[in-house]
Amino acid sequence: MNLQVEMEHHRHILIVRLSGELDHHTADHVRMQLEEAIQRRQTEHLVLSLKELDFMDSSGLGVILGRYKFIKQKGGKMAVCDVKPQVYRLLEMSGLFKIMPIYENEGTALSGLEVVS
């Protein structure tokens, strides 16, 4: 598996940093990790940092959209940040940015979600 997942909690915000490749080989593992972390820690909002994500396919899109729907159903917000050009293009073509904001970095994502006090 060529993917690392780093998670950090701030109050009710889960920051997830992905490194490597999010594809059909790694998508189920990431999905399970995120669901467990969201439910275990009472997470309301999610920031997905893709600074070190080198590749993503449609399976990765499915993971992101699924977590977006889950967070939205809980009344929370989700954003992506630090997206490399090759991943950005896939996200843009999928229409993801029509439903979810993209930010330059984690700090602006947290501010943009208006969840930092």
# chains A, B, ... in the order shown; residues from 1 in each chain; ligands from 1
call {"tool": "residues_around", "arguments": {"residues": "stretch 68-82 of chain A", "least_positions_apart": "6", "cutoff": "7 Å", "atoms": "only C-alpha atoms", "output": "JSON, numbers by chain"}}
result
{"A": [44, 45, 46, 47, 48, 49, 50, 51, 100, 101, 102, 103, 104, 105, 106, 109, 113]}
call {"tool": "residues_around", "arguments": {"residues": "stretch 18-22 of chain A", "least_positions_apart": "5", "cutoff": "10 Å", "atoms": "only C-alpha atoms", "output": "NGL selection string"}}
result
:A and (1-7 or 27-30 or 48-61 or 63)
call {"tool": "select_by_dssp", "arguments": {"residues": "chain A", "states": "alpha helix (DSSP H)", "output": "ChimeraX atom specification"}}
result
/A:27-40,58-73,85-94,106-112
call {"tool": "select_by_dssp", "arguments": {"residues": "chain A", "states": "strand (DSSP E)", "output": "ChimeraX atom specification"}}
result
/A:3-10,13-22,45-56,78-81,102-103
call {"tool": "write_last_selection", "arguments": {"atoms": "C-alpha atoms", "output": "mmCIF file, in the first residue's frame"}}
result
data_model
loop_
_atom_site.group_PDB
_atom_site.id
_atom_site.type_symbol
_atom_site.label_atom_id
_atom_site.label_comp_id
_atom_site.auth_asym_id
_atom_site.auth_seq_id
_atom_site.Cartn_x
_atom_site.Cartn_y
_atom_site.Cartn_z
ATOM 1 C CA LEU A 3 -0.416 5.671 0.967
ATOM 2 C CA GLN A 4 0.079 7.239 4.372
ATOM 3 C CA VAL A 5 -2.753 8.768 6.362
ATOM 4 C CA GLU A 6 -2.034 11.239 9.145
ATOM 5 C CA MET A 7 -4.893 12.519 11.289
ATOM 6 C CA GLU A 8 -5.017 15.359 13.756
ATOM 7 C CA HIS A 9 -7.972 16.507 15.836
ATOM 8 C CA HIS A 10 -8.680 20.105 16.863
ATOM 9 C CA ILE A 13 -12.374 19.198 13.457
ATOM 10 C CA LEU A 14 -10.521 16.303 11.873
ATOM 11 C CA ILE A 15 -7.559 17.257 9.683
ATOM 12 C CA VAL A 16 -6.526 14.403 7.402
ATOM 13 C CA ARG A 17 -3.240 14.528 5.508
ATOM 14 C CA LEU A 18 -2.820 12.048 2.673
ATOM 15 C CA SER A 19 0.580 11.140 1.185
ATOM 16 C CA GLY A 20 1.175 8.879 -1.782
ATOM 17 C CA GLU A 21 -1.516 7.416 -4.024
ATOM 18 C CA LEU A 22 -5.240 7.227 -3.318
ATOM 19 C CA HIS A 45 -15.925 19.119 10.347
ATOM 20 C CA LEU A 46 -13.293 17.651 8.045
ATOM 21 C CA VAL A 47 -10.292 19.251 6.339
ATOM 22 C CA LEU A 48 -8.586 17.056 3.768
ATOM 23 C CA SER A 49 -4.996 18.116 3.057
ATOM 24 C CA LEU A 50 -3.673 16.705 -0.213
ATOM 25 C CA LYS A 51 -0.271 18.406 -0.171
ATOM 26 C CA GLU A 52 1.617 15.111 -0.476
ATOM 27 C CA LEU A 53 -0.948 13.212 -2.565
ATOM 28 C CA ASP A 54 0.723 12.378 -5.868
ATOM 29 C CA PHE A 55 -2.059 10.421 -7.570
ATOM 30 C CA MET A 56 -5.782 9.817 -7.223
ATOM 31 C CA MET A 78 -15.719 19.761 4.662
ATOM 32 C CA ALA A 79 -12.944 21.329 2.611
ATOM 33 C CA VAL A 80 -9.857 20.266 0.698
ATOM 34 C CA CYS A 81 -6.548 22.110 0.680
ATOM 35 C CA ILE A 102 -10.750 24.346 -1.901
ATOM 36 C CA TYR A 103 -8.141 26.304 0.051
#
call {"tool": "closest_residue", "arguments": {"among": "A:His24, A:Leu34, A:Leu110, A:Pro85", "to": "A:Arg11", "atoms": "only C-alpha atoms"}}
result
A:Leu110
call {"tool": "closest_residue", "arguments": {"among": "A:His12, A:Glu92, A:Val83, A:Asp23", "to": "A:Arg40", "atoms": "only C-alpha atoms"}}
result
A:His12
call {"tool": "atom_distance", "arguments": {"atom1": "atom CA of A:Gly112", "atom2": "atom CA of A:Lys98"}}
result
15.5 Å
call {"tool": "decode", "arguments": {"residues": "stretch 69-85 of chain A", "atoms": "all heavy atoms", "output": "PDB file, in the first residue's frame"}}
result
ATOM      1  N   LYS A  69     -20.604  13.574   2.087  1.00  0.00           N
ATOM      2  CA  LYS A  69     -22.023  13.312   2.360  1.00  0.00           C
ATOM      3  C   LYS A  69     -22.243  12.985   3.831  1.00  0.00           C
ATOM      4  O   LYS A  69     -23.197  13.450   4.443  1.00  0.00           O
ATOM      5  CB  LYS A  69     -22.534  12.167   1.484  1.00  0.00           C
ATOM      6  CG  LYS A  69     -22.648  12.535   0.024  1.00  0.00           C
ATOM      7  CD  LYS A  69     -23.086  11.344  -0.801  1.00  0.00           C
ATOM      8  CE  LYS A  69     -23.105  11.682  -2.277  1.00  0.00           C
ATOM      9  NZ  LYS A  69     -23.451  10.513  -3.096  1.00  0.00           N
ATOM     10  N   PHE A  70     -21.348  12.190   4.399  1.00  0.00           N
ATOM     11  CA  PHE A  70     -21.463  11.795   5.798  1.00  0.00           C
ATOM     12  C   PHE A  70     -21.340  13.006   6.725  1.00  0.00           C
ATOM     13  O   PHE A  70     -22.142  13.187   7.641  1.00  0.00           O
ATOM     14  CB  PHE A  70     -20.394  10.752   6.123  1.00  0.00           C
ATOM     15  CG  PHE A  70     -20.510  10.157   7.491  1.00  0.00           C
ATOM     16  CD1 PHE A  70     -21.601   9.378   7.835  1.00  0.00           C
ATOM     17  CD2 PHE A  70     -19.523  10.381   8.433  1.00  0.00           C
ATOM     18  CE1 PHE A  70     -21.711   8.830   9.102  1.00  0.00           C
ATOM     19  CE2 PHE A  70     -19.621   9.832   9.703  1.00  0.00           C
ATOM     20  CZ  PHE A  70     -20.716   9.055  10.039  1.00  0.00           C
ATOM     21  N   ILE A  71     -20.338  13.849   6.490  1.00  0.00           N
ATOM     22  CA  ILE A  71     -20.129  15.047   7.306  1.00  0.00           C
ATOM     23  C   ILE A  71     -21.308  16.017   7.139  1.00  0.00           C
ATOM     24  O   ILE A  71     -21.791  16.599   8.108  1.00  0.00           O
ATOM     25  CB  ILE A  71     -18.788  15.735   6.927  1.00  0.00           C
ATOM     26  CG1 ILE A  71     -17.600  14.895   7.398  1.00  0.00           C
ATOM     27  CG2 ILE A  71     -18.710  17.158   7.458  1.00  0.00           C
ATOM     28  CD1 ILE A  71     -17.392  14.842   8.899  1.00  0.00           C
ATOM     29  N   LYS A  72     -21.773  16.182   5.911  1.00  0.00           N
ATOM     30  CA  LYS A  72     -22.891  17.092   5.651  1.00  0.00           C
ATOM     31  C   LYS A  72     -24.159  16.630   6.363  1.00  0.00           C
ATOM     32  O   LYS A  72     -24.904  17.440   6.916  1.00  0.00           O
ATOM     33  CB  LYS A  72     -23.118  17.209   4.148  1.00  0.00           C
ATOM     34  CG  LYS A  72     -24.108  18.292   3.762  1.00  0.00           C
ATOM     35  CD  LYS A  72     -24.061  18.532   2.270  1.00  0.00           C
ATOM     36  CE  LYS A  72     -25.127  19.481   1.831  1.00  0.00           C
ATOM     37  NZ  LYS A  72     -24.814  20.863   2.092  1.00  0.00           N
ATOM     38  N   GLN A  73     -24.412  15.329   6.384  1.00  0.00           N
ATOM     39  CA  GLN A  73     -25.579  14.791   7.075  1.00  0.00           C
ATOM     40  C   GLN A  73     -25.517  15.072   8.573  1.00  0.00           C
ATOM     41  O   GLN A  73     -26.546  15.208   9.226  1.00  0.00           O
ATOM     42  CB  GLN A  73     -25.690  13.279   6.854  1.00  0.00           C
ATOM     43  CG  GLN A  73     -26.157  12.892   5.482  1.00  0.00           C
ATOM     44  CD  GLN A  73     -26.121  11.389   5.251  1.00  0.00           C
ATOM     45  OE1 GLN A  73     -25.556  10.630   6.038  1.00  0.00           O
ATOM     46  NE2 GLN A  73     -26.710  10.960   4.149  1.00  0.00           N
ATOM     47  N   LYS A  74     -24.306  15.170   9.105  1.00  0.00           N
ATOM     48  CA  LYS A  74     -24.124  15.473  10.523  1.00  0.00           C
ATOM     49  C   LYS A  74     -24.199  16.980  10.792  1.00  0.00           C
ATOM     50  O   LYS A  74     -24.026  17.421  11.913  1.00  0.00           O
ATOM     51  CB  LYS A  74     -22.774  14.945  11.006  1.00  0.00           C
ATOM     52  CG  LYS A  74     -22.664  13.436  11.007  1.00  0.00           C
ATOM     53  CD  LYS A  74     -21.275  12.980  11.419  1.00  0.00           C
ATOM     54  CE  LYS A  74     -21.016  13.351  12.850  1.00  0.00           C
ATOM     55  NZ  LYS A  74     -19.907  12.669  13.477  1.00  0.00           N
ATOM     56  N   GLY A  75     -24.411  17.772   9.738  1.00  0.00           N
ATOM     57  CA  GLY A  75     -24.476  19.219   9.887  1.00  0.00           C
ATOM     58  C   GLY A  75     -23.119  19.895   9.843  1.00  0.00           C
ATOM     59  O   GLY A  75     -22.993  21.073  10.169  1.00  0.00           O
ATOM     60  N   GLY A  76     -22.090  19.167   9.439  1.00  0.00           N
ATOM     61  CA  GLY A  76     -20.737  19.709   9.407  1.00  0.00           C
ATOM     62  C   GLY A  76     -20.340  20.223   8.038  1.00  0.00           C
ATOM     63  O   GLY A  76     -21.118  20.195   7.085  1.00  0.00           O
ATOM     64  N   LYS A  77     -19.098  20.682   7.978  1.00  0.00           N
ATOM     65  CA  LYS A  77     -18.528  21.218   6.739  1.00  0.00           C
ATOM     66  C   LYS A  77     -17.260  20.442   6.404  1.00  0.00           C
ATOM     67  O   LYS A  77     -16.586  19.927   7.290  1.00  0.00           O
ATOM     68  CB  LYS A  77     -18.174  22.696   6.905  1.00  0.00           C
ATOM     69  CG  LYS A  77     -19.360  23.586   7.225  1.00  0.00           C
ATOM     70  CD  LYS A  77     -18.893  25.002   7.454  1.00  0.00           C
ATOM     71  CE  LYS A  77     -20.047  25.910   7.864  1.00  0.00           C
ATOM     72  NZ  LYS A  77     -19.586  27.286   8.085  1.00  0.00           N
ATOM     73  N   MET A  78     -16.930  20.424   5.114  1.00  0.00           N
ATOM     74  CA  MET A  78     -15.719  19.761   4.662  1.00  0.00           C
ATOM     75  C   MET A  78     -15.051  20.619   3.612  1.00  0.00           C
ATOM     76  O   MET A  78     -15.724  21.288   2.823  1.00  0.00           O
ATOM     77  CB  MET A  78     -16.054  18.385   4.084  1.00  0.00           C
ATOM     78  CG  MET A  78     -14.856  17.602   3.621  1.00  0.00           C
ATOM     79  SD  MET A  78     -15.322  15.931   3.149  1.00  0.00           S
ATOM     80  CE  MET A  78     -13.832  15.412   2.318  1.00  0.00           C
ATOM     81  N   ALA A  79     -13.720  20.585   3.602  1.00  0.00           N
ATOM     82  CA  ALA A  79     -12.944  21.329   2.611  1.00  0.00           C
ATOM     83  C   ALA A  79     -11.697  20.533   2.259  1.00  0.00           C
ATOM     84  O   ALA A  79     -11.255  19.685   3.027  1.00  0.00           O
ATOM     85  CB  ALA A  79     -12.549  22.693   3.164  1.00  0.00           C
ATOM     86  N   VAL A  80     -11.144  20.834   1.092  1.00  0.00           N
ATOM     87  CA  VAL A  80      -9.857  20.266   0.698  1.00  0.00           C
ATOM     88  C   VAL A  80      -8.856  21.415   0.581  1.00  0.00           C
ATOM     89  O   VAL A  80      -9.236  22.558   0.332  1.00  0.00           O
ATOM     90  CB  VAL A  80      -9.930  19.470  -0.626  1.00  0.00           C
ATOM     91  CG1 VAL A  80     -10.799  18.250  -0.472  1.00  0.00           C
ATOM     92  CG2 VAL A  80     -10.420  20.325  -1.759  1.00  0.00           C
ATOM     93  N   CYS A  81      -7.583  21.083   0.784  1.00  0.00           N
ATOM     94  CA  CYS A  81      -6.548  22.110   0.680  1.00  0.00           C
ATOM     95  C   CYS A  81      -5.250  21.494   0.188  1.00  0.00           C
ATOM     96  O   CYS A  81      -5.094  20.276   0.159  1.00  0.00           O
ATOM     97  CB  CYS A  81      -6.338  22.810   2.021  1.00  0.00           C
ATOM     98  SG  CYS A  81      -5.700  21.765   3.331  1.00  0.00           S
ATOM     99  N   ASP A  82      -4.317  22.377  -0.199  1.00  0.00           N
ATOM    100  CA  ASP A  82      -2.976  21.969  -0.622  1.00  0.00           C
ATOM    101  C   ASP A  82      -3.001  20.931  -1.737  1.00  0.00           C
ATOM    102  O   ASP A  82      -2.342  19.906  -1.649  1.00  0.00           O
ATOM    103  CB  ASP A  82      -2.186  21.390   0.563  1.00  0.00           C
ATOM    104  CG  ASP A  82      -1.717  22.449   1.530  1.00  0.00           C
ATOM    105  OD1 ASP A  82      -1.278  23.514   1.064  1.00  0.00           O
ATOM    106  OD2 ASP A  82      -1.775  22.208   2.749  1.00  0.00           O
ATOM    107  N   VAL A  83      -3.747  21.194  -2.791  1.00  0.00           N
ATOM    108  CA  VAL A  83      -3.924  20.207  -3.854  1.00  0.00           C
ATOM    109  C   VAL A  83      -2.891  20.414  -4.963  1.00  0.00           C
ATOM    110  O   VAL A  83      -2.760  21.511  -5.500  1.00  0.00           O
ATOM    111  CB  VAL A  83      -5.351  20.289  -4.437  1.00  0.00           C
ATOM    112  CG1 VAL A  83      -5.561  19.238  -5.498  1.00  0.00           C
ATOM    113  CG2 VAL A  83      -6.394  20.152  -3.331  1.00  0.00           C
ATOM    114  N   LYS A  84      -2.185  19.337  -5.304  1.00  0.00           N
ATOM    115  CA  LYS A  84      -1.217  19.373  -6.404  1.00  0.00           C
ATOM    116  C   LYS A  84      -1.956  19.467  -7.740  1.00  0.00           C
ATOM    117  O   LYS A  84      -3.099  19.008  -7.860  1.00  0.00           O
ATOM    118  CB  LYS A  84      -0.353  18.111  -6.391  1.00  0.00           C
ATOM    119  CG  LYS A  84       0.633  18.067  -5.256  1.00  0.00           C
ATOM    120  CD  LYS A  84       1.513  16.845  -5.384  1.00  0.00           C
ATOM    121  CE  LYS A  84       2.595  16.865  -4.323  1.00  0.00           C
ATOM    122  NZ  LYS A  84       3.507  15.724  -4.473  1.00  0.00           N
ATOM    123  N   PRO A  85      -1.311  20.037  -8.767  1.00  0.00           N
ATOM    124  CA  PRO A  85      -1.977  20.238 -10.063  1.00  0.00           C
ATOM    125  C   PRO A  85      -2.612  18.993 -10.672  1.00  0.00           C
ATOM    126  O   PRO A  85      -3.737  19.054 -11.173  1.00  0.00           O
ATOM    127  CB  PRO A  85      -0.861  20.772 -10.963  1.00  0.00           C
ATOM    128  CG  PRO A  85       0.085  21.438 -10.017  1.00  0.00           C
ATOM    129  CD  PRO A  85       0.038  20.612  -8.757  1.00  0.00           C
TER     130      PRO A  85
END
